[in-house]
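Novice: Below is the file my_file_29.cif, which contains mmCIF, C-alpha atoms.
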data_structure
loop_
_atom_site.label_atom_id
_atom_site.label_comp_id
_atom_site.auth_asym_id
_atom_site.auth_seq_id
_atom_site.Cartn_x
_atom_site.Cartn_y
_atom_site.Cartn_z
CA MET A 1 -12.38 10.27 -26.43
CA ASN A 2 -12.46 13.32 -24.18
CA ILE A 3 -8.76 13.46 -23.28
CA ASP A 4 -9.22 15.85 -20.37
CA GLN A 5 -11.80 13.67 -18.66
CA TYR A 6 -9.93 10.46 -19.50
CA MET A 7 -6.69 11.67 -17.92
CA LYS A 8 -8.49 13.01 -14.84
CA THR A 9 -10.11 9.61 -14.41
CA LEU A 10 -6.71 7.93 -14.60
CA GLY A 11 -5.42 10.44 -12.07
CA GLU A 12 -8.27 9.84 -9.64
CA HIS A 13 -7.79 6.09 -9.86
CA ALA A 14 -4.03 6.43 -9.40
CA ARG A 15 -4.41 8.65 -6.34
CA SER A 16 -6.78 6.15 -4.74
CA ALA A 17 -4.48 3.24 -5.60
CA SER A 18 -1.46 5.08 -4.19
CA ARG A 19 -3.08 5.18 -0.76
CA ALA A 20 -3.59 1.42 -0.85
CA MET A 21 -0.06 0.82 -2.14
CA SER A 22 1.50 2.94 0.63
CA SER A 23 0.28 0.39 3.18
CA ALA A 24 0.79 -2.76 1.09
CA SER A 25 2.97 -5.39 2.73
CA THR A 26 6.37 -6.33 1.38
CA GLY A 27 5.04 -9.83 0.73
CA ASP A 28 2.14 -8.55 -1.36
CA LYS A 29 4.40 -6.26 -3.39
CA ASN A 30 6.95 -9.01 -4.02
CA GLY A 31 4.15 -11.41 -4.88
CA ALA A 32 2.91 -8.96 -7.50
CA LEU A 33 6.35 -8.66 -9.08
CA LEU A 34 6.82 -12.41 -9.31
CA ALA A 35 3.28 -12.81 -10.66
CA ILE A 36 4.06 -10.24 -13.38
CA ALA A 37 7.14 -12.29 -14.32
CA ARG A 38 5.03 -15.45 -14.60
CA HIS A 39 2.42 -13.75 -16.78
CA LEU A 40 5.09 -12.24 -19.05
CA GLU A 41 6.74 -15.64 -19.48
CA ALA A 42 3.42 -17.25 -20.29
CA SER A 43 2.69 -14.48 -22.82
CA ARG A 44 6.14 -14.40 -24.44
CA SER A 45 4.85 -15.26 -27.92
CA ALA A 46 2.05 -12.71 -27.69
CA LEU A 47 4.52 -10.02 -26.61
CA ILE A 48 6.81 -10.68 -29.56
CA GLU A 49 3.86 -10.75 -31.96
CA ALA A 50 2.56 -7.42 -30.68
CA ASN A 51 6.06 -5.98 -30.91
CA ALA A 52 6.40 -7.19 -34.50
CA VAL A 53 3.35 -5.11 -35.41
CA ASP A 54 4.94 -2.05 -33.78
CA LEU A 55 8.26 -2.67 -35.56
CA ALA A 56 6.56 -3.00 -38.94
CA ASN A 57 4.60 0.21 -38.41
CA ALA A 58 7.69 2.05 -37.18
CA GLN A 59 9.75 0.97 -40.19
CA ALA A 60 6.96 2.04 -42.53
CA ASN A 61 6.92 5.43 -40.80
CA GLY A 62 10.67 5.86 -41.18
CA LEU A 63 11.65 5.61 -37.50
CA GLU A 64 15.41 6.05 -37.19
CA ALA A 65 17.66 3.07 -36.52
CA ALA A 66 18.50 3.97 -32.92
CA LEU A 67 14.81 4.14 -32.00
CA LEU A 68 14.04 0.91 -33.86
CA ASP A 69 16.72 -0.77 -31.78
CA ARG A 70 15.13 0.53 -28.58
CA LEU A 71 11.68 -0.57 -29.74
CA GLU A 72 12.55 -4.20 -30.47
CA LEU A 73 11.54 -6.87 -27.97
CA THR A 74 13.75 -9.93 -28.35
CA ASP A 75 13.77 -13.10 -26.25
CA ALA A 76 16.93 -11.82 -24.60
CA ARG A 77 15.27 -8.54 -23.66
CA ILE A 78 12.24 -10.33 -22.29
CA ASP A 79 14.63 -12.49 -20.24
CA GLY A 80 16.16 -9.25 -18.96
CA MET A 81 12.73 -7.99 -17.96
CA LEU A 82 12.04 -11.19 -16.02
CA GLU A 83 15.42 -11.06 -14.30
CA GLY A 84 14.83 -7.40 -13.41
CA LEU A 85 11.50 -8.27 -11.76
CA GLU A 86 13.15 -11.00 -9.72
CA GLN A 87 15.96 -8.66 -8.68
CA VAL A 88 13.55 -5.95 -7.56
CA ALA A 89 11.54 -8.53 -5.60
CA ALA A 90 14.76 -9.58 -3.85
CA LEU A 91 15.68 -6.03 -2.85
CA ALA A 92 15.01 -4.74 0.64
CA ASP A 93 11.75 -2.82 0.94
CA PRO A 94 12.66 0.80 1.71
CA ILE A 95 9.19 1.80 2.90
CA GLY A 96 8.66 2.29 6.61
CA GLY A 97 12.29 2.18 7.59
CA ILE A 98 13.24 4.70 10.29
CA ASN A 99 16.78 6.05 10.54
CA ASP A 100 18.82 8.87 12.06
CA MET A 101 16.87 8.54 15.31
CA CYS A 102 18.34 10.74 18.03
CA SER A 103 17.32 12.07 21.45
CA ARG A 104 16.89 15.79 22.01
CA PRO A 105 17.36 17.73 25.28
CA SER A 106 13.56 18.00 25.57
CA GLY A 107 13.33 14.22 25.81
CA ILE A 108 11.73 13.69 22.43
CA GLN A 109 13.29 11.34 19.88
CA VAL A 110 13.50 12.55 16.27
CA GLY A 111 14.10 10.41 13.20
CA LYS A 112 13.16 10.01 9.54
CA MET A 113 10.83 7.48 7.95
CA ARG A 114 11.06 6.54 4.28
CA VAL A 115 7.72 6.88 2.47
CA PRO A 116 6.45 6.60 -1.14
CA LEU A 117 6.27 9.67 -3.37
CA GLY A 118 2.64 8.85 -4.22
CA VAL A 119 1.65 8.94 -7.90
CA ILE A 120 4.38 8.93 -10.55
CA GLY A 121 3.77 9.80 -14.19
CA ILE A 122 6.27 8.34 -16.63
CA ILE A 123 6.50 9.46 -20.26
CA TYR A 124 8.82 7.48 -22.51
CA GLU A 125 9.59 6.66 -26.12
CA SER A 126 10.21 3.43 -27.98
CA ARG A 127 11.42 1.04 -25.27
CA PRO A 128 8.57 -1.25 -24.15
CA ASN A 129 10.78 -2.84 -21.47
CA VAL A 130 10.49 0.49 -19.62
CA THR A 131 6.85 -0.42 -18.95
CA VAL A 132 7.97 -3.38 -16.84
CA GLU A 133 10.94 -1.62 -15.23
CA ALA A 134 8.84 1.37 -14.20
CA ALA A 135 5.95 -0.74 -12.93
CA SER A 136 8.23 -2.95 -10.85
CA LEU A 137 10.06 -0.10 -9.15
CA CYS A 138 6.89 1.90 -8.51
CA LEU A 139 5.09 -1.09 -7.04
CA LYS A 140 7.98 -2.14 -4.79
CA SER A 141 8.40 1.42 -3.52
CA GLY A 142 4.68 1.65 -2.70
CA ASN A 143 3.72 4.10 -5.44
CA ALA A 144 1.05 4.14 -8.13
CA VAL A 145 2.12 4.93 -11.67
CA ILE A 146 0.60 6.26 -14.89
CA LEU A 147 2.63 5.15 -17.91
CA ARG A 148 2.47 6.97 -21.22
CA GLY A 149 4.61 5.15 -23.78
CA GLY A 150 5.36 6.30 -27.29
CA SER A 151 2.80 5.78 -30.04
CA GLU A 152 5.32 3.58 -31.86
CA ALA A 153 5.14 1.00 -29.01
CA ILE A 154 1.39 1.06 -28.35
CA ASN A 155 0.76 -2.61 -29.16
CA SER A 156 3.76 -3.84 -27.18
CA ASN A 157 2.84 -1.73 -24.16
CA GLN A 158 -0.78 -2.88 -24.18
CA ALA A 159 0.33 -6.52 -24.29
CA ILE A 160 2.66 -5.92 -21.33
CA SER A 161 -0.05 -3.99 -19.51
CA ALA A 162 -2.42 -6.95 -19.81
CA CYS A 163 0.14 -9.13 -18.03
CA ILE A 164 0.60 -6.57 -15.25
CA GLN A 165 -3.13 -6.15 -14.74
CA ALA A 166 -3.65 -9.90 -14.53
CA ALA A 167 -0.85 -10.21 -11.97
CA LEU A 168 -2.16 -7.40 -9.75
CA ALA A 169 -5.63 -8.95 -9.77
CA GLU A 170 -4.14 -12.32 -8.89
CA VAL A 171 -2.44 -11.02 -5.73
CA GLY A 172 -5.25 -8.67 -4.67
CA LEU A 173 -3.53 -5.31 -5.20
CA PRO A 174 -5.42 -2.51 -7.01
CA GLN A 175 -5.11 -2.89 -10.76
CA THR A 176 -5.13 0.91 -11.03
CA ALA A 177 -1.76 0.99 -9.27
CA VAL A 178 -0.30 0.59 -12.79
CA GLN A 179 -2.17 2.27 -15.63
CA VAL A 180 -0.95 2.47 -19.22
CA VAL A 181 -2.42 5.38 -21.15
CA GLU A 182 -4.38 3.84 -24.00
CA THR A 183 -4.47 6.83 -26.34
CA THR A 184 -1.62 8.00 -28.56
CA ASP A 185 -3.06 11.54 -28.61
CA ARG A 186 -0.27 13.91 -27.57
CA GLU A 187 -2.76 15.98 -25.60
CA ALA A 188 -2.63 13.21 -22.99
CA VAL A 189 0.96 14.19 -22.18
CA GLY A 190 -0.03 17.81 -21.69
CA GLN A 191 -2.75 16.74 -19.27
CA LEU A 192 -0.54 14.31 -17.35
CA ILE A 193 2.16 16.90 -16.60
CA THR A 194 -0.34 19.54 -15.40
CA MET A 195 -2.33 17.54 -12.83
CA PRO A 196 -0.62 18.29 -9.49
CA GLU A 197 -3.77 17.25 -7.67
CA PHE A 198 -3.25 13.69 -8.93
CA VAL A 199 0.43 13.39 -9.90
CA ASP A 200 3.37 13.95 -7.53
CA VAL A 201 6.32 13.65 -9.91
CA ILE A 202 6.94 13.22 -13.64
CA VAL A 203 9.77 11.12 -15.08
CA PRO A 204 10.36 11.70 -18.82
CA ARG A 205 12.45 9.17 -20.74
CA GLY A 206 13.07 10.00 -24.37
CA GLY A 207 14.65 12.44 -26.76
CA LYS A 208 15.97 15.82 -25.75
CA GLY A 209 13.04 17.64 -27.36
CA LEU A 210 10.50 15.65 -25.34
CA ILE A 211 12.32 16.23 -22.07
CA GLU A 212 12.82 19.95 -22.73
CA ARG A 213 9.11 20.33 -23.45
CA ILE A 214 8.08 18.49 -20.30
CA SER A 215 10.58 20.40 -18.14
CA ARG A 216 9.22 23.67 -19.53
CA ASP A 217 5.50 22.92 -19.29
CA ALA A 218 5.14 20.63 -16.28
CA ARG A 219 3.34 21.88 -13.16
CA VAL A 220 4.69 19.02 -11.05
CA PRO A 221 8.33 18.19 -10.18
CA VAL A 222 10.36 16.46 -12.91
CA ILE A 223 13.18 13.89 -12.54
CA LYS A 224 15.16 14.01 -15.77
CA HIS A 225 18.27 14.08 -17.86
CA LEU A 226 18.30 15.87 -21.21
CA ASP A 227 20.94 13.89 -23.07
CA GLY A 228 23.93 11.61 -22.61
CA ASN A 229 27.15 13.15 -23.91
CA CYS A 230 29.41 10.67 -22.10
CA HIS A 231 33.21 10.74 -22.14
CA VAL A 232 36.09 8.28 -21.95
CA TYR A 233 39.43 9.81 -20.94
CA ILE A 234 42.58 7.74 -21.51
CA ASP A 235 45.36 8.89 -19.20
CA ASP A 236 49.03 8.57 -20.14
CA SER A 237 49.44 5.90 -17.44
CA ALA A 238 46.67 3.69 -18.83
CA ASP A 239 47.19 0.06 -19.71
CA GLU A 240 46.88 0.22 -23.51
CA ALA A 241 44.97 -3.02 -24.02
CA MET A 242 42.52 -2.08 -21.28
CA ALA A 243 42.13 1.41 -22.72
CA VAL A 244 41.27 0.10 -26.19
CA ASN A 245 38.79 -2.45 -24.83
CA ILE A 246 36.99 0.09 -22.66
CA ALA A 247 36.92 2.84 -25.28
CA VAL A 248 35.59 0.51 -27.98
CA ASN A 249 32.99 -1.12 -25.72
CA ALA A 250 31.76 2.23 -24.40
CA LYS A 251 31.02 3.34 -27.96
CA THR A 252 30.03 0.20 -29.84
CA GLN A 253 28.28 -2.17 -27.40
CA ARG A 254 25.05 -0.28 -28.21
CA TYR A 255 24.72 2.99 -30.07
CA GLY A 256 21.24 4.10 -29.06
CA THR A 257 21.60 4.37 -25.29
CA CYS A 258 22.19 7.41 -23.09
CA ASN A 259 25.26 5.84 -21.44
CA THR A 260 27.08 5.22 -24.73
CA ALA A 261 30.34 7.18 -25.05
CA GLU A 262 30.11 10.06 -27.51
CA SER A 263 33.52 11.67 -26.90
CA LEU A 264 36.98 10.20 -26.42
CA LEU A 265 39.81 12.20 -24.86
CA VAL A 266 43.38 10.89 -25.14
CA ALA A 267 46.40 12.23 -23.27
CA LYS A 268 48.97 13.59 -25.74
CA ASP A 269 51.84 11.43 -24.40
CA VAL A 270 50.06 8.23 -25.51
CA ALA A 271 48.14 9.59 -28.51
CA GLU A 272 50.74 8.54 -31.10
CA SER A 273 50.64 4.96 -29.82
CA LEU A 274 46.96 4.58 -29.00
CA LEU A 275 45.07 6.49 -31.68
CA PRO A 276 46.08 4.20 -34.58
CA GLN A 277 44.98 1.16 -32.56
CA LEU A 278 41.71 2.80 -31.66
CA ALA A 279 41.02 4.00 -35.20
CA LYS A 280 41.56 0.48 -36.53
CA ALA A 281 39.24 -1.00 -33.89
CA TYR A 282 36.52 1.57 -34.56
CA ALA A 283 36.83 0.99 -38.31
CA THR A 284 35.84 -2.66 -37.84
CA HIS A 285 32.57 -1.38 -36.35
CA GLY A 286 32.02 1.26 -39.03
CA VAL A 287 32.36 4.14 -36.57
CA GLU A 288 32.95 7.59 -38.05
CA LEU A 289 35.57 9.60 -36.15
CA ARG A 290 35.13 13.36 -35.72
CA ALA A 291 38.74 14.25 -34.88
CA CYS A 292 40.49 17.33 -33.52
CA GLU A 293 43.43 18.70 -35.53
CA GLU A 294 46.07 16.68 -33.65
CA SER A 295 44.17 13.40 -33.66
CA LEU A 296 43.31 13.95 -37.33
CA ARG A 297 47.03 14.25 -38.10
CA ILE A 298 47.99 11.14 -36.14
CA ILE A 299 45.23 8.92 -37.50
CA SER A 300 45.63 10.10 -41.10
CA ALA A 301 49.34 9.32 -41.06
CA SER A 302 49.07 5.86 -39.60
CA THR A 303 45.90 4.12 -40.73
CA SER A 304 44.31 2.82 -43.89
CA SER A 305 41.66 4.50 -45.99
CA ASP A 306 38.84 2.38 -44.52
CA VAL A 307 38.79 4.60 -41.42
CA LYS A 308 35.90 7.08 -41.57
CA LEU A 309 37.62 10.28 -40.52
CA VAL A 310 36.47 13.91 -40.65
CA ALA A 311 37.53 17.09 -38.88
CA ALA A 312 35.61 17.88 -35.70
CA THR A 313 33.74 21.13 -35.24
CA GLU A 314 32.90 22.90 -32.00
CA ASP A 315 29.40 21.40 -32.11
CA ASP A 316 30.82 17.86 -32.01
CA TRP A 317 32.07 18.30 -28.45
CA TYR A 318 28.47 18.83 -27.30
CA GLU A 319 26.80 16.16 -29.42
CA GLU A 320 24.88 13.06 -28.35
CA TYR A 321 25.04 11.10 -31.61
CA LEU A 322 23.17 7.89 -30.68
CA ALA A 323 24.87 6.55 -33.80
CA PRO A 324 28.24 5.07 -34.89
CA ILE A 325 29.96 8.46 -34.64
CA LEU A 326 32.59 9.45 -32.06
CA ALA A 327 34.30 12.76 -31.32
CA ILE A 328 38.02 12.43 -30.50
CA LYS A 329 40.31 15.02 -28.93
CA VAL A 330 43.93 14.94 -27.82
CA VAL A 331 44.38 16.72 -24.48
CA ALA A 332 47.49 17.76 -22.58
CA GLY A 333 46.56 15.69 -19.54
CA LEU A 334 44.19 15.31 -16.63
CA ASP A 335 43.60 19.03 -16.04
CA GLU A 336 42.49 19.64 -19.60
CA ALA A 337 40.40 16.46 -19.64
CA ILE A 338 38.47 17.46 -16.52
CA ALA A 339 37.99 21.01 -17.79
CA HIS A 340 36.75 19.72 -21.18
CA ILE A 341 34.30 17.25 -19.62
CA ASN A 342 32.88 19.74 -17.13
CA HIS A 343 32.37 22.27 -19.94
CA TYR A 344 30.91 20.06 -22.68
CA SER A 345 29.35 17.03 -20.99
CA SER A 346 25.69 16.57 -20.12
CA GLN A 347 26.70 15.47 -16.60
CA HIS A 348 25.63 11.90 -17.28
CA SER A 349 28.51 9.39 -17.16
CA GLU A 350 32.28 9.70 -17.59
CA THR A 351 35.20 7.31 -17.13
CA ILE A 352 38.97 7.53 -16.77
CA VAL A 353 41.33 4.75 -17.84
CA THR A 354 44.45 5.03 -15.71
CA GLU A 355 46.90 3.14 -13.50
CA HIS A 356 47.68 6.32 -11.54
CA HIS A 357 45.65 6.25 -8.30
CA PRO A 358 45.91 9.95 -7.34
CA ARG A 359 44.73 10.99 -10.82
CA ALA A 360 41.85 8.53 -10.62
CA MET A 361 40.81 10.02 -7.28
CA ARG A 362 41.02 13.57 -8.68
CA PHE A 363 38.88 12.53 -11.64
CA ILE A 364 36.05 11.09 -9.55
CA ARG A 365 36.15 14.07 -7.15
CA GLU A 366 36.29 16.86 -9.71
CA VAL A 367 34.21 15.60 -12.66
CA ASP A 368 30.68 16.91 -12.08
CA SER A 369 28.53 14.10 -13.47
CA SER A 370 25.96 11.73 -12.03
CA SER A 371 28.17 8.66 -12.60
CA VAL A 372 31.98 8.85 -12.60
CA MET A 373 34.03 5.70 -13.18
CA ILE A 374 37.57 4.38 -13.06
CA ASN A 375 38.71 1.73 -15.56
CA ALA A 376 35.19 0.69 -16.62
CA SER A 377 32.94 1.28 -19.62
CA THR A 378 30.33 4.02 -19.38
CA ARG A 379 27.81 1.38 -20.47
CA PHE A 380 27.68 0.27 -16.82
CA ALA A 381 25.79 3.46 -15.88
CA ASP A 382 22.53 1.59 -15.54
CA GLY A 383 20.25 0.66 -12.67
CA PHE A 384 20.38 -3.04 -13.50
CA GLU A 385 24.20 -3.05 -13.55
CA TYR A 386 24.33 -1.02 -10.32
CA GLY A 387 22.27 -3.64 -8.52
CA LEU A 388 19.09 -1.58 -8.37
CA GLY A 389 17.17 -4.35 -10.15
CA ALA A 390 15.96 -1.84 -12.71
CA GLU A 391 15.85 1.90 -13.09
CA ILE A 392 13.07 4.33 -13.74
CA GLY A 393 15.48 6.67 -15.48
CA ILE A 394 18.72 8.52 -14.96
CA SER A 395 18.76 11.91 -13.29
CA THR A 396 21.40 14.55 -13.88
CA ASP A 397 19.64 16.88 -11.46
CA LYS A 398 21.29 17.56 -8.11
CA ILE A 399 18.21 17.64 -5.89
CA HIS A 400 16.46 14.51 -4.55
CA ALA A 401 17.81 11.89 -6.95
CA ARG A 402 20.97 11.75 -9.09
CA GLY A 403 22.21 9.00 -11.41
CA PRO A 404 20.18 5.83 -12.03
CA VAL A 405 16.92 6.17 -10.10
CA GLY A 406 15.91 2.97 -8.36
CA LEU A 407 13.75 2.24 -5.34
CA GLU A 408 15.18 4.85 -3.01
CA GLY A 409 14.87 7.56 -5.68
CA LEU A 410 11.11 6.91 -5.77
CA THR A 411 10.72 7.59 -2.07
CA SER A 412 10.91 10.58 0.21
CA GLN A 413 11.40 10.96 3.95
CA LYS A 414 9.26 12.46 6.63
CA TYR A 415 10.26 13.33 10.16
CA VAL A 416 8.82 11.22 12.95
CA VAL A 417 8.87 12.31 16.57
CA LEU A 418 8.51 9.95 19.55
CA GLY A 419 7.56 11.50 22.85
CA SER A 420 6.36 10.52 26.29
CA GLY A 421 4.19 13.50 27.13
CA GLN A 422 6.65 16.34 26.45
CA ILE A 423 5.27 19.83 25.89
CA ARG A 424 7.25 22.80 24.65
CA SER A 425 7.83 25.59 27.19
#
Could you show the structure in this file as structure tokens?
Specialist:
Amino acid sequence: MNIDQYMKTLGEHARSASRAMSSASTGDKNGALLAIARHLEASRSALIEANAVDLANAQANGLEAALLDRLELTDARIDGMLEGLEQVAALADPIGGINDMCSRPSGIQVGKMRVPLGVIGIIYESRPNVTVEAASLCLKSGNAVILRGGSEAINSNQAISACIQAALAEVGLPQTAVQVVETTDREAVGQLITMPEFVDVIVPRGGKGLIERISRDARVPVIKHLDGNCHVYIDDSADEAMAVNIAVNAKTQRYGTCNTAESLLVAKDVAESLLPQLAKAYATHGVELRACEESLRIISASTSSDVKLVAATEDDWYEEYLAPILAIKVVAGLDEAIAHINHYSSQHSETIVTEHHPRAMRFIREVDSSSVMINASTRFADGFEYGLGAEIGISTDKIHARGPVGLEGLTSQKYVVLGSGQIRS
């Protein structure tokens, strides 16, 4: 295969399809999403069989546990894909809406219309459900998309792609509105991110190395986050039972996701009471604790030997483990917690557990991350949980889109001017 020519062909087809998608009706787009759901349901067994091949190959190749977890397609995850499609279909269509209309002294009226971005290239690793999430959001927002999944998920992605193609044909939308790159050759990525004549924006979803490479080499805009060093801060006014539940869930509900907590900060006035409870709870999940000097002292003195406990290093405060490992630090209070988070975090998702309203308000104002929460697990930092239906990724950038990127994040705005014969003097 000539990769250069192959990718240019995909780009040409995507550009053509994007023009058709920009004028597609809401009914046609929703019909496509619901048709995809029907085809996925009808192909459930085939999807799981294709995924089993990918899992076997990945295990043979020594893929790490966190990535194996992301790769697996279970019945529950397929159900989640179907529900996501239905949610996106139920969302309001952002395209064509005009807002901020105002009259100017000249007599013209000026407003903004929401429009698709055009062609979106998405590069991702392991998680085949991203193929459906990305396709659904791009279709509903009137875009065309080129999807380049990881080589470890090639069979799963091709099986999903077959369902999408059948659905698009069924409703009469261009099948090239969603194209899954069929080669695992890494040169395809290099081509995809350097085709500004065909691609309007790149969304990388994967490990930090992949995203750093794409951010460095891309010749088109990139929507990205590098990693997810998320924090839970337990204030000295926190309800203890709530604090333990949130801190444990944020770390242990799933280890391999970017919104999993990697650092726990505990106010010193409640550390003696809370840390032993937390250490015991984490021990039941086999979580290793990388503890600061003070938390190391408290936990060592009050818990059994089954707690996995080691001294933290400076590097631990920066780390995204994606594993049953958690960094713990005792802090003086809210000021130190905010300063620590803003220094060490990846600006992804942070939460405070507190019953003190003014402190909660300070936390959400002053913590500089894309999602900031009060009394809730960081695991909620997700497009599905935020009511977006699905997400194409999470952005920690500050321009255009920030946080979970749903429909609106895949659109832009253009000015529209309504006149009645005005000319400028």
Novice: When distances are computed from only C-alpha atoms, which of A:Arg127, A:Lys251, A:His285, A:Lys280 shows the smallest separation from A:Leu71?
Specialist: A:Arg127
Novice: Given the choices A:Pro116, A:Pro276, A:Gly149, A:Pro105, which gets closest to A:Thr184 if the distance is worked out from only C-alpha atoms?
Specialist: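 Nearest to A:Thr184: A:Gly149.
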Novice: Report, in Å with one decimal, the straight-line distance from atom CA of A:Ala159 to atom CA of A:Ala50.
Specialist: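 Atom-to-atom, atom CA of A:Ala159 and atom CA of A:Ala50 are spaced 6.8 Å apart.
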Novice: Step by step, work through what the PyMOL selection byres ((chain A and resi 389-393) around 6) selects in the shown file, and finish by giving those residues as a list in words.
Specialist: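 Applied to this file, the PyMOL selection byres ((chain A and resi 389-393) around 6) returns Gly84, Gln87, Val88, Glu133, Ala134, Gly383, Phe384, Gly387, Leu388, Ile394, Pro404, Val405 and Gly406 of chain A.
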Novice: Could you spell out the hits of the PyMOL selection byres ((chain A and resi 409) around 12) on the shown file, as a PyMOL selection string?
Specialist: chain A and resi 94-95+114-117+120+137-138+140-141+143+201+203+223-224+383+388+390-395+397+399-408+410-413
Novice: How would you write, as a list in words, the residues chosen by the PyMOL selection byres ((chain A and resi 108-112) around 6) on this structure?
Specialist: Ile98, Asn99, Asp100, Met101, Cys102, Ser103, Arg104, Ser106, Gly107, Met113, Gln413, Lys414, Tyr415, Val416, Val417, Leu418 and Gly419 of chain A
Novice: Any chance you could export the current selection's C-alpha atoms as a compact mmCIF listing (two decimals), in the coordinates of the input?
Specialist:
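Generated file (out.txt):
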# COMPACT_ATOMS: atom_id res chain seq x y z
CA ILE A 98 13.24 4.70 10.29
CA ASN A 99 16.78 6.05 10.54
CA ASP A 100 18.82 8.87 12.06
CA MET A 101 16.87 8.54 15.31
CA CYS A 102 18.34 10.74 18.03
CA SER A 103 17.32 12.07 21.45
CA ARG A 104 16.89 15.79 22.01
CA SER A 106 13.56 18.00 25.57
CA GLY A 107 13.33 14.22 25.81
CA MET A 113 10.83 7.48 7.95
CA GLN A 413 11.40 10.96 3.95
CA LYS A 414 9.26 12.46 6.63
CA TYR A 415 10.26 13.33 10.16
CA VAL A 416 8.82 11.22 12.95
CA VAL A 417 8.87 12.31 16.57
CA LEU A 418 8.51 9.95 19.55
CA GLY A 419 7.56 11.50 22.85
Novice: Residues of stretch 278-368 of chain A that approach stretch 372-376 of chain A to 8 Å or less, counting all atoms listed in the file: could you list each one with the shortest pair of atoms and its distance in Å to one decimal, rows by chain and increasing residue number, as JSON lines?
Specialist:
{"residue": "A:Ser349", "atom": "CA", "partner": "A:Val372", "partner_atom": "CA", "distance": 5.8}
{"residue": "A:Glu350", "atom": "CA", "partner": "A:Val372", "partner_atom": "CA", "distance": 5.1}
{"residue": "A:Thr351", "atom": "CA", "partner": "A:Met373", "partner_atom": "CA", "distance": 4.4}
{"residue": "A:Ile352", "atom": "CA", "partner": "A:Ile374", "partner_atom": "CA", "distance": 5.1}
{"residue": "A:Val353", "atom": "CA", "partner": "A:Asn375", "partner_atom": "CA", "distance": 4.6}
{"residue": "A:Thr354", "atom": "CA", "partner": "A:Asn375", "partner_atom": "CA", "distance": 6.6}
{"residue": "A:Ala360", "atom": "CA", "partner": "A:Ile374", "partner_atom": "CA", "distance": 6.4}
{"residue": "A:Phe363", "atom": "CA", "partner": "A:Val372", "partner_atom": "CA", "distance": 7.9}
{"residue": "A:Ile364", "atom": "CA", "partner": "A:Val372", "partner_atom": "CA", "distance": 5.6}
{"residue": "A:Val367", "atom": "CA", "partner": "A:Val372", "partner_atom": "CA", "distance": 7.1}
Novice: What's the separation between atom CA of A:Lys329 and atom CA of A:Ser295, in Å to one decimal place?
Specialist: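 For atom CA of A:Lys329 relative to atom CA of A:Ser295, the distance reads 6.3 Å.
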Novice: When you count all atoms listed in the file, which of these residues is closest to A:Val222: A:Glu12, A:Glu187, A:Asp200, A:Asp69?
Specialist: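 Comparing A:Glu12, A:Glu187, A:Asp200, A:Asp69 against A:Val222, the winner is A:Asp200.
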Novice: Find the distance between atom CA of A:Gly31 and atom CA of A:Ala135 and write it in Å to one decimal.
Specialist: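 Separation of atom CA of A:Gly31 and atom CA of A:Ala135: 13.5 Å.
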Novice: Take stretch 5-15 of chain A, model N, CA and C atoms, and hand the result over as a PDB file, keeping the file's coordinate frame.
Specialist:
ATOM      1  N   GLN A   5     -11.064  14.498 -19.621  1.00  0.00           N
ATOM      2  CA  GLN A   5     -11.800  13.670 -18.660  1.00  0.00           C
ATOM      3  C   GLN A   5     -11.108  12.315 -18.473  1.00  0.00           C
ATOM      4  N   TYR A   6     -10.614  11.759 -19.572  1.00  0.00           N
ATOM      5  CA  TYR A   6      -9.930  10.460 -19.500  1.00  0.00           C
ATOM      6  C   TYR A   6      -8.721  10.527 -18.574  1.00  0.00           C
ATOM      7  N   MET A   7      -7.892  11.559 -18.727  1.00  0.00           N
ATOM      8  CA  MET A   7      -6.690  11.670 -17.920  1.00  0.00           C
ATOM      9  C   MET A   7      -7.042  11.971 -16.457  1.00  0.00           C
ATOM     10  N   LYS A   8      -8.071  12.754 -16.213  1.00  0.00           N
ATOM     11  CA  LYS A   8      -8.490  13.010 -14.840  1.00  0.00           C
ATOM     12  C   LYS A   8      -8.983  11.732 -14.172  1.00  0.00           C
ATOM     13  N   THR A   9      -9.653  10.891 -14.960  1.00  0.00           N
ATOM     14  CA  THR A   9     -10.110   9.610 -14.410  1.00  0.00           C
ATOM     15  C   THR A   9      -8.921   8.734 -14.035  1.00  0.00           C
ATOM     16  N   LEU A  10      -7.923   8.686 -14.922  1.00  0.00           N
ATOM     17  CA  LEU A  10      -6.710   7.930 -14.600  1.00  0.00           C
ATOM     18  C   LEU A  10      -6.065   8.486 -13.327  1.00  0.00           C
ATOM     19  N   GLY A  11      -6.019   9.816 -13.231  1.00  0.00           N
ATOM     20  CA  GLY A  11      -5.420  10.440 -12.070  1.00  0.00           C
ATOM     21  C   GLY A  11      -6.159  10.116 -10.776  1.00  0.00           C
ATOM     22  N   GLU A  12      -7.470  10.166 -10.822  1.00  0.00           N
ATOM     23  CA  GLU A  12      -8.270   9.840  -9.640  1.00  0.00           C
ATOM     24  C   GLU A  12      -8.037   8.398  -9.210  1.00  0.00           C
ATOM     25  N   HIS A  13      -8.022   7.494 -10.181  1.00  0.00           N
ATOM     26  CA  HIS A  13      -7.790   6.090  -9.860  1.00  0.00           C
ATOM     27  C   HIS A  13      -6.388   5.879  -9.294  1.00  0.00           C
ATOM     28  N   ALA A  14      -5.404   6.576  -9.877  1.00  0.00           N
ATOM     29  CA  ALA A  14      -4.030   6.430  -9.400  1.00  0.00           C
ATOM     30  C   ALA A  14      -3.885   6.954  -7.976  1.00  0.00           C
ATOM     31  N   ARG A  15      -4.504   8.094  -7.686  1.00  0.00           N
ATOM     32  CA  ARG A  15      -4.410   8.650  -6.340  1.00  0.00           C
ATOM     33  C   ARG A  15      -5.012   7.691  -5.314  1.00  0.00           C
TER      34      ARG A  15
END
